[in-house]
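Novice: Provided herewith is a single structure, encoded as structure tokens, for subsequent inquiry.
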Amino acid sequence: MKLTCHIVLIFAALFFFAGDVYAQSSTEITATINSIDLIEETSDGTHIIFTAVDGGGEVFIVDSAESMLGETRYDLKDGQRVLLQILTRSDGTTDVFLVDVVRTNILFWIIGLFSLLVVAIGRKRGVMSLIGLAITCLVLFGLIVPQILIGTDPVFITIIGSALILLVNLPLTHGFNKRTFYAYISTLIGLFFAWLFSTLFVHFASLSGLGSEETALLFLTTDAIELPSGLLLAGIILGAVGVLDDIAITQTETVSELHDANPSLSAKELYRKAMSVGKHHIASVVNTLVLAYAGVALPVFLLFALRDDMGLVRFLNEEIIAEELIRTVAGTGALILLVPISTLIATRLYTKVRRDNK
């Protein structure tokens with residue numbers, strides 16, 4: 001895995017630094033396949049030569065074997081839109097490479113179908129959740145990502161951005177009421193534990209943050225990120241935020257419903273009954289998060305499983321595997337603690353309100 005990472009870095013460096021020598025200009029255009037001139041199966045994929053026409057009517061002949069992708073695995077056909085990279089040499093000649101297929105139209109349809117499903121089932125709450133999702137994306141790509149790229153500490157800006165996302169989304173999705181306020185206080189405490197656990201675990205596990213090729217390539221590309229482990233910590237915190245609000249809201253609503261159903265319950269009884277629900281929530285959340293992280297890392301697991309010389313201990317010691325383990329344990333640990341914390345906060349406040357109203 002580390003050898004693969006080094007190869008990627010070397011290739012990227014050669015590509016970036018050799019670009020000025022190789023070409024005077026490099027442009028990316030969208031074109032439509034006019035005809036498929038050759039299709040043949042190879043051991044590495046499908047070798048395709050096709051003719052494409054851009055919006056201005058210029059014709060390009062593209063050989064997939066010469067592209068950065070090597071033999072393509074796309075099912076190309078007439079009328080399909082593709083992304084092409086045009087490299088112009090210093091002598092005026094050009095080379096055309098297949099970069100990718102254009103899939104934005106179908107992605108918009110899929111997003112539209114998803115939004116329709118959310119609104120059809122969730123009605124008003126569904127609309128509010130979509131607005132909240134838009135705000136989350138705005139904070140993520142308008143605040144967190146740009147600030148990290150200009151050198152702001154990834155952990156600091158991720159915590160600030162996460163707190164802002166929760167501050168807006170909780171009232172927007174669940175209403176402006178005291179239950180939402182209690183849940184927000186609980187999520188901030190859960191956010192603190194997510195930061196604490198991830199920081200301690202990453203430190204004691206001696207993780208550099210360079211376990212994945214993507215992070216290593218990013219670290220090579222920009223000087224703004226001084227400590228790549230900060231990206232790992234930021235990713236762990238950000239991944240836990242979405243589930244933090246789910247747990248806090250669920251437990252707060254549980255306490256509220258129990259209190260409304262039987263206002264005579266003591267604080268101890270209210271807490272105990274709400275925690276019986278919370279224990280089931282803990283079990284489902286742990287399983288959900290483990291499967292979610294395993295799903296993301298499945299190709300890596302399979303890659304290591306193919307190696308006959310890789311035992312279980314050696315497998316767990318690999319940094320990219322250790323990263324996923326720490327990501328799972330740190331995030332889940334914060335979520336587990338949030339269950340009794342959010343339940344206790346809601347119980348204390350509801351029973352206090354009851355005493356004050358007597």
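Order determines the names: the first chain of the structure tokens is A, the second B, and so forth; residues in each chain are numbered 1 upward, and ligands are numbered 1 upward as they are shown.
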At a cut-off of 8 Å, using only C-alpha atoms, what residues contact range 340-348 of chain A? Leave out same-chain residues fewer than 2 positions from it and give the result as number ranges by chain.
Specialist: A: 179, 182-183, 186-187, 248, 251-252, 255-256, 267, 270-271, 274-275, 278, 336-338, 350-352
Novice: Dump C-alpha atoms for the selected residues as a PDB file, in the first residue's frame?
Specialist:
ATOM      1  CA  ARG A 179     -36.179  20.542  23.298  1.00  0.00           C
ATOM      2  CA  TYR A 182     -31.374  21.105  25.055  1.00  0.00           C
ATOM      3  CA  ALA A 183     -30.383  18.877  22.140  1.00  0.00           C
ATOM      4  CA  SER A 186     -25.892  18.063  24.218  1.00  0.00           C
ATOM      5  CA  THR A 187     -24.434  17.932  20.688  1.00  0.00           C
ATOM      6  CA  ALA A 248     -29.383  14.171  21.000  1.00  0.00           C
ATOM      7  CA  GLN A 251     -33.080  11.175  23.574  1.00  0.00           C
ATOM      8  CA  THR A 252     -34.415  14.658  24.255  1.00  0.00           C
ATOM      9  CA  VAL A 255     -37.583  12.401  27.736  1.00  0.00           C
ATOM     10  CA  SER A 256     -40.126  14.985  26.601  1.00  0.00           C
ATOM     11  CA  ALA A 267     -36.077  12.532  37.678  1.00  0.00           C
ATOM     12  CA  LEU A 270     -37.592   9.561  33.836  1.00  0.00           C
ATOM     13  CA  TYR A 271     -33.884   9.072  33.249  1.00  0.00           C
ATOM     14  CA  ALA A 274     -35.362   7.194  28.621  1.00  0.00           C
ATOM     15  CA  MET A 275     -32.073   5.309  28.929  1.00  0.00           C
ATOM     16  CA  GLY A 278     -31.097   4.967  24.559  1.00  0.00           C
ATOM     17  CA  ILE A 336     -22.195   6.427  23.097  1.00  0.00           C
ATOM     18  CA  LEU A 337     -21.360   9.009  25.778  1.00  0.00           C
ATOM     19  CA  LEU A 338     -23.836  11.425  24.241  1.00  0.00           C
ATOM     20  CA  TYR A 350     -37.678  19.048  32.482  1.00  0.00           C
ATOM     21  CA  THR A 351     -37.883  18.167  36.167  1.00  0.00           C
ATOM     22  CA  LYS A 352     -36.540  21.634  37.051  1.00  0.00           C
TER      23      LYS A 352
END
Novice: For CA of Leu76 in chain A and CA of Val99 in chain A, quote the distance in Å rounded to one decimal.
Specialist: 12.7 Å
Novice: With only C-alpha atoms as the basis for distance, which of A:Gly242, A:Phe156, A:Thr88, A:Ala261 is at the shortest distance from Thr136 in chain A?
Specialist: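 Residue with the minimum atom-to-atom distance to Thr136 in chain A: A:Gly242.
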Novice: For the alpha helix (DSSP H) assignment from backbone DSSP, which residues of range 84-252 of chain A qualify? Please present them as a PyMOL selection string.
Specialist: chain A and resi 104-139+145-149+154-174+178-204+213-221+229-252
Novice: Kindly export the residues of the current selection with C-alpha atoms, as a tab-separated table (two decimals), in the first residue's frame.
Specialist:
chain	number	residue	atom	x	y	z
A	104	THR	CA	-23.85	15.66	-14.29
A	105	ASN	CA	-27.25	15.43	-15.98
A	106	ILE	CA	-28.06	12.03	-14.51
A	107	LEU	CA	-26.71	13.18	-11.14
A	108	PHE	CA	-29.16	16.10	-11.17
A	109	TRP	CA	-32.00	13.69	-11.94
A	110	ILE	CA	-30.94	11.40	-9.09
A	111	ILE	CA	-30.71	14.34	-6.66
A	112	GLY	CA	-34.13	15.54	-7.84
A	113	LEU	CA	-35.64	12.08	-7.28
A	114	PHE	CA	-34.09	11.94	-3.81
A	115	SER	CA	-35.47	15.39	-2.95
A	116	LEU	CA	-38.92	14.42	-4.21
A	117	LEU	CA	-38.87	11.30	-2.04
A	118	VAL	CA	-37.84	13.32	1.04
A	119	VAL	CA	-40.61	15.87	0.50
A	120	ALA	CA	-43.26	13.26	-0.34
A	121	ILE	CA	-42.62	11.31	2.86
A	122	GLY	CA	-41.43	14.06	5.21
A	123	ARG	CA	-43.71	16.87	3.96
A	124	LYS	CA	-42.86	20.07	5.84
A	125	ARG	CA	-40.08	18.41	7.84
A	126	GLY	CA	-38.71	17.01	4.60
A	127	VAL	CA	-38.56	20.47	3.02
A	128	MET	CA	-36.83	21.82	6.12
A	129	SER	CA	-34.31	18.97	6.06
A	130	LEU	CA	-33.44	19.74	2.43
A	131	ILE	CA	-32.91	23.40	3.31
A	132	GLY	CA	-30.73	22.23	6.19
A	133	LEU	CA	-28.77	20.01	3.81
A	134	ALA	CA	-28.18	22.99	1.53
A	135	ILE	CA	-26.91	25.01	4.50
A	136	THR	CA	-24.62	22.13	5.50
A	137	CYS	CA	-23.12	22.08	2.00
A	138	LEU	CA	-22.76	25.87	2.08
A	139	VAL	CA	-20.84	25.76	5.37
A	145	VAL	CA	-12.87	23.65	2.81
A	146	PRO	CA	-11.65	27.16	1.75
A	147	GLN	CA	-10.31	27.89	5.23
A	148	ILE	CA	-8.36	24.63	5.34
A	149	LEU	CA	-6.86	25.39	1.93
A	154	PRO	CA	-8.41	21.88	10.04
A	155	VAL	CA	-9.58	20.75	13.49
A	156	PHE	CA	-10.42	24.27	14.67
A	157	ILE	CA	-12.37	25.29	11.57
A	158	THR	CA	-14.16	21.93	11.43
A	159	ILE	CA	-15.36	22.31	15.02
A	160	ILE	CA	-16.52	25.87	14.35
A	161	GLY	CA	-18.23	24.84	11.12
A	162	SER	CA	-19.86	21.82	12.77
A	163	ALA	CA	-21.20	23.94	15.64
A	164	LEU	CA	-22.61	26.40	13.08
A	165	ILE	CA	-24.23	23.60	11.08
A	166	LEU	CA	-25.88	22.20	14.19
A	167	LEU	CA	-26.96	25.68	15.38
A	168	VAL	CA	-28.85	26.29	12.13
A	169	ASN	CA	-30.04	22.78	11.26
A	170	LEU	CA	-31.43	21.66	14.62
A	171	PRO	CA	-34.01	24.48	14.95
A	172	LEU	CA	-34.69	24.44	11.21
A	173	THR	CA	-35.41	20.72	11.11
A	174	HIS	CA	-36.92	20.14	14.54
A	178	LYS	CA	-36.68	24.17	24.34
A	179	ARG	CA	-36.18	20.54	23.30
A	180	THR	CA	-34.08	21.68	20.36
A	181	PHE	CA	-32.08	23.96	22.63
A	182	TYR	CA	-31.37	21.11	25.06
A	183	ALA	CA	-30.38	18.88	22.14
A	184	TYR	CA	-28.01	21.53	20.80
A	185	ILE	CA	-26.23	21.85	24.16
A	186	SER	CA	-25.89	18.06	24.22
A	187	THR	CA	-24.43	17.93	20.69
A	188	LEU	CA	-21.79	20.51	21.60
A	189	ILE	CA	-20.72	18.26	24.48
A	190	GLY	CA	-20.69	15.29	22.09
A	191	LEU	CA	-18.59	17.35	19.66
A	192	PHE	CA	-16.09	17.96	22.44
A	193	PHE	CA	-15.79	14.23	23.13
A	194	ALA	CA	-15.40	13.48	19.41
A	195	TRP	CA	-12.47	15.92	19.34
A	196	LEU	CA	-10.99	14.57	22.59
A	197	PHE	CA	-11.18	10.90	21.63
A	198	SER	CA	-9.90	11.41	18.09
A	199	THR	CA	-6.98	13.58	19.28
A	200	LEU	CA	-5.92	11.10	21.96
A	201	PHE	CA	-6.36	8.00	19.81
A	202	VAL	CA	-4.53	9.45	16.79
A	203	HIS	CA	-1.67	10.54	19.05
A	204	PHE	CA	-1.26	7.25	20.90
A	213	GLU	CA	-3.13	8.17	-1.41
A	214	GLU	CA	-5.58	11.09	-1.60
A	215	THR	CA	-4.28	12.72	1.59
A	216	ALA	CA	-0.67	12.13	0.56
A	217	LEU	CA	-1.30	13.70	-2.85
A	218	LEU	CA	-3.05	16.68	-1.25
A	219	PHE	CA	-0.16	17.13	1.17
A	220	LEU	CA	2.25	17.11	-1.79
A	221	THR	CA	0.15	19.54	-3.83
A	229	SER	CA	-2.95	14.36	10.91
A	230	GLY	CA	-5.18	17.43	11.30
A	231	LEU	CA	-7.13	16.36	8.23
A	232	LEU	CA	-7.66	12.93	9.75
A	233	LEU	CA	-8.95	14.50	12.98
A	234	ALA	CA	-11.19	16.90	11.06
A	235	GLY	CA	-12.63	14.00	9.06
A	236	ILE	CA	-13.40	12.00	12.20
A	237	ILE	CA	-15.14	14.97	13.84
A	238	LEU	CA	-17.12	15.85	10.72
A	239	GLY	CA	-18.21	12.25	10.25
A	240	ALA	CA	-19.63	12.11	13.77
A	241	VAL	CA	-21.56	15.39	13.61
A	242	GLY	CA	-24.49	14.06	11.58
A	243	VAL	CA	-25.19	11.26	14.04
A	244	LEU	CA	-24.64	13.48	17.10
A	245	ASP	CA	-27.74	15.51	16.37
A	246	ASP	CA	-29.76	12.35	15.71
A	247	ILE	CA	-28.90	10.89	19.12
A	248	ALA	CA	-29.38	14.17	21.00
A	249	ILE	CA	-32.76	14.86	19.39
A	250	THR	CA	-33.98	11.29	19.88
A	251	GLN	CA	-33.08	11.18	23.57
A	252	THR	CA	-34.41	14.66	24.26
Novice: Could you state the separation of CA of Gly56 in chain A and CA of Leu83 in chain A in Å, given to one decimal place?
Specialist: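 Separating CA of Gly56 in chain A from CA of Leu83 in chain A is a distance of 14.7 Å.
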Novice: Using the chain letters and numbers from this document, which residues of range 72-320 of chain A does DSSP assign to strand (DSSP E), as a PyMOL selection string?
Specialist: chain A and resi 81-88+94-101
Novice: Atoms to include: N, CA and C atoms. Write the selected residues as a short mmCIF file (atom, residue, chain, number, x, y, z; two decimals), in the first residue's frame.
Specialist:
data_model
loop_
_atom_site.label_atom_id
_atom_site.label_comp_id
_atom_site.auth_asym_id
_atom_site.auth_seq_id
_atom_site.Cartn_x
_atom_site.Cartn_y
_atom_site.Cartn_z
N ARG A 81 -21.79 12.27 -24.02
CA ARG A 81 -20.92 13.41 -23.78
C ARG A 81 -19.74 12.99 -22.93
N VAL A 82 -18.54 13.49 -23.29
CA VAL A 82 -17.31 13.13 -22.59
C VAL A 82 -16.48 14.37 -22.33
N LEU A 83 -15.60 14.26 -21.34
CA LEU A 83 -14.64 15.32 -21.05
C LEU A 83 -13.31 14.97 -21.72
N LEU A 84 -12.78 15.90 -22.47
CA LEU A 84 -11.50 15.69 -23.16
C LEU A 84 -10.50 16.74 -22.70
N GLN A 85 -9.25 16.32 -22.60
CA GLN A 85 -8.17 17.26 -22.30
C GLN A 85 -7.34 17.46 -23.55
N ILE A 86 -7.17 18.73 -23.91
CA ILE A 86 -6.40 19.08 -25.11
C ILE A 86 -5.06 19.66 -24.68
N LEU A 87 -3.97 18.97 -25.00
CA LEU A 87 -2.63 19.46 -24.69
C LEU A 87 -1.97 19.94 -25.98
N THR A 88 -1.52 21.19 -25.96
CA THR A 88 -0.89 21.79 -27.13
C THR A 88 0.62 21.85 -26.92
N THR A 94 -1.19 19.00 -31.27
CA THR A 94 -2.02 18.76 -30.10
C THR A 94 -2.21 17.27 -29.85
N ASP A 95 -2.43 16.94 -28.58
CA ASP A 95 -2.79 15.59 -28.17
C ASP A 95 -4.11 15.67 -27.43
N VAL A 96 -4.98 14.69 -27.69
CA VAL A 96 -6.31 14.67 -27.09
C VAL A 96 -6.44 13.43 -26.21
N PHE A 97 -6.89 13.64 -24.97
CA PHE A 97 -7.02 12.53 -24.02
C PHE A 97 -8.44 12.48 -23.47
N LEU A 98 -8.91 11.26 -23.26
CA LEU A 98 -10.19 11.06 -22.59
C LEU A 98 -9.98 11.22 -21.08
N VAL A 99 -10.72 12.14 -20.47
CA VAL A 99 -10.61 12.39 -19.03
C VAL A 99 -11.70 11.64 -18.27
N ASP A 100 -12.94 11.79 -18.73
CA ASP A 100 -14.06 11.19 -18.01
C ASP A 100 -15.30 11.28 -18.89
N VAL A 101 -16.35 10.63 -18.46
CA VAL A 101 -17.65 10.80 -19.11
C VAL A 101 -18.40 11.90 -18.37
#
Novice: Work out how far apart CA of Val290 in chain A and CA of Ile320 in chain A are and give it in Å to one decimal.
Specialist: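 We find that CA of Val290 in chain A and CA of Ile320 in chain A lie 15.5 Å from each other.
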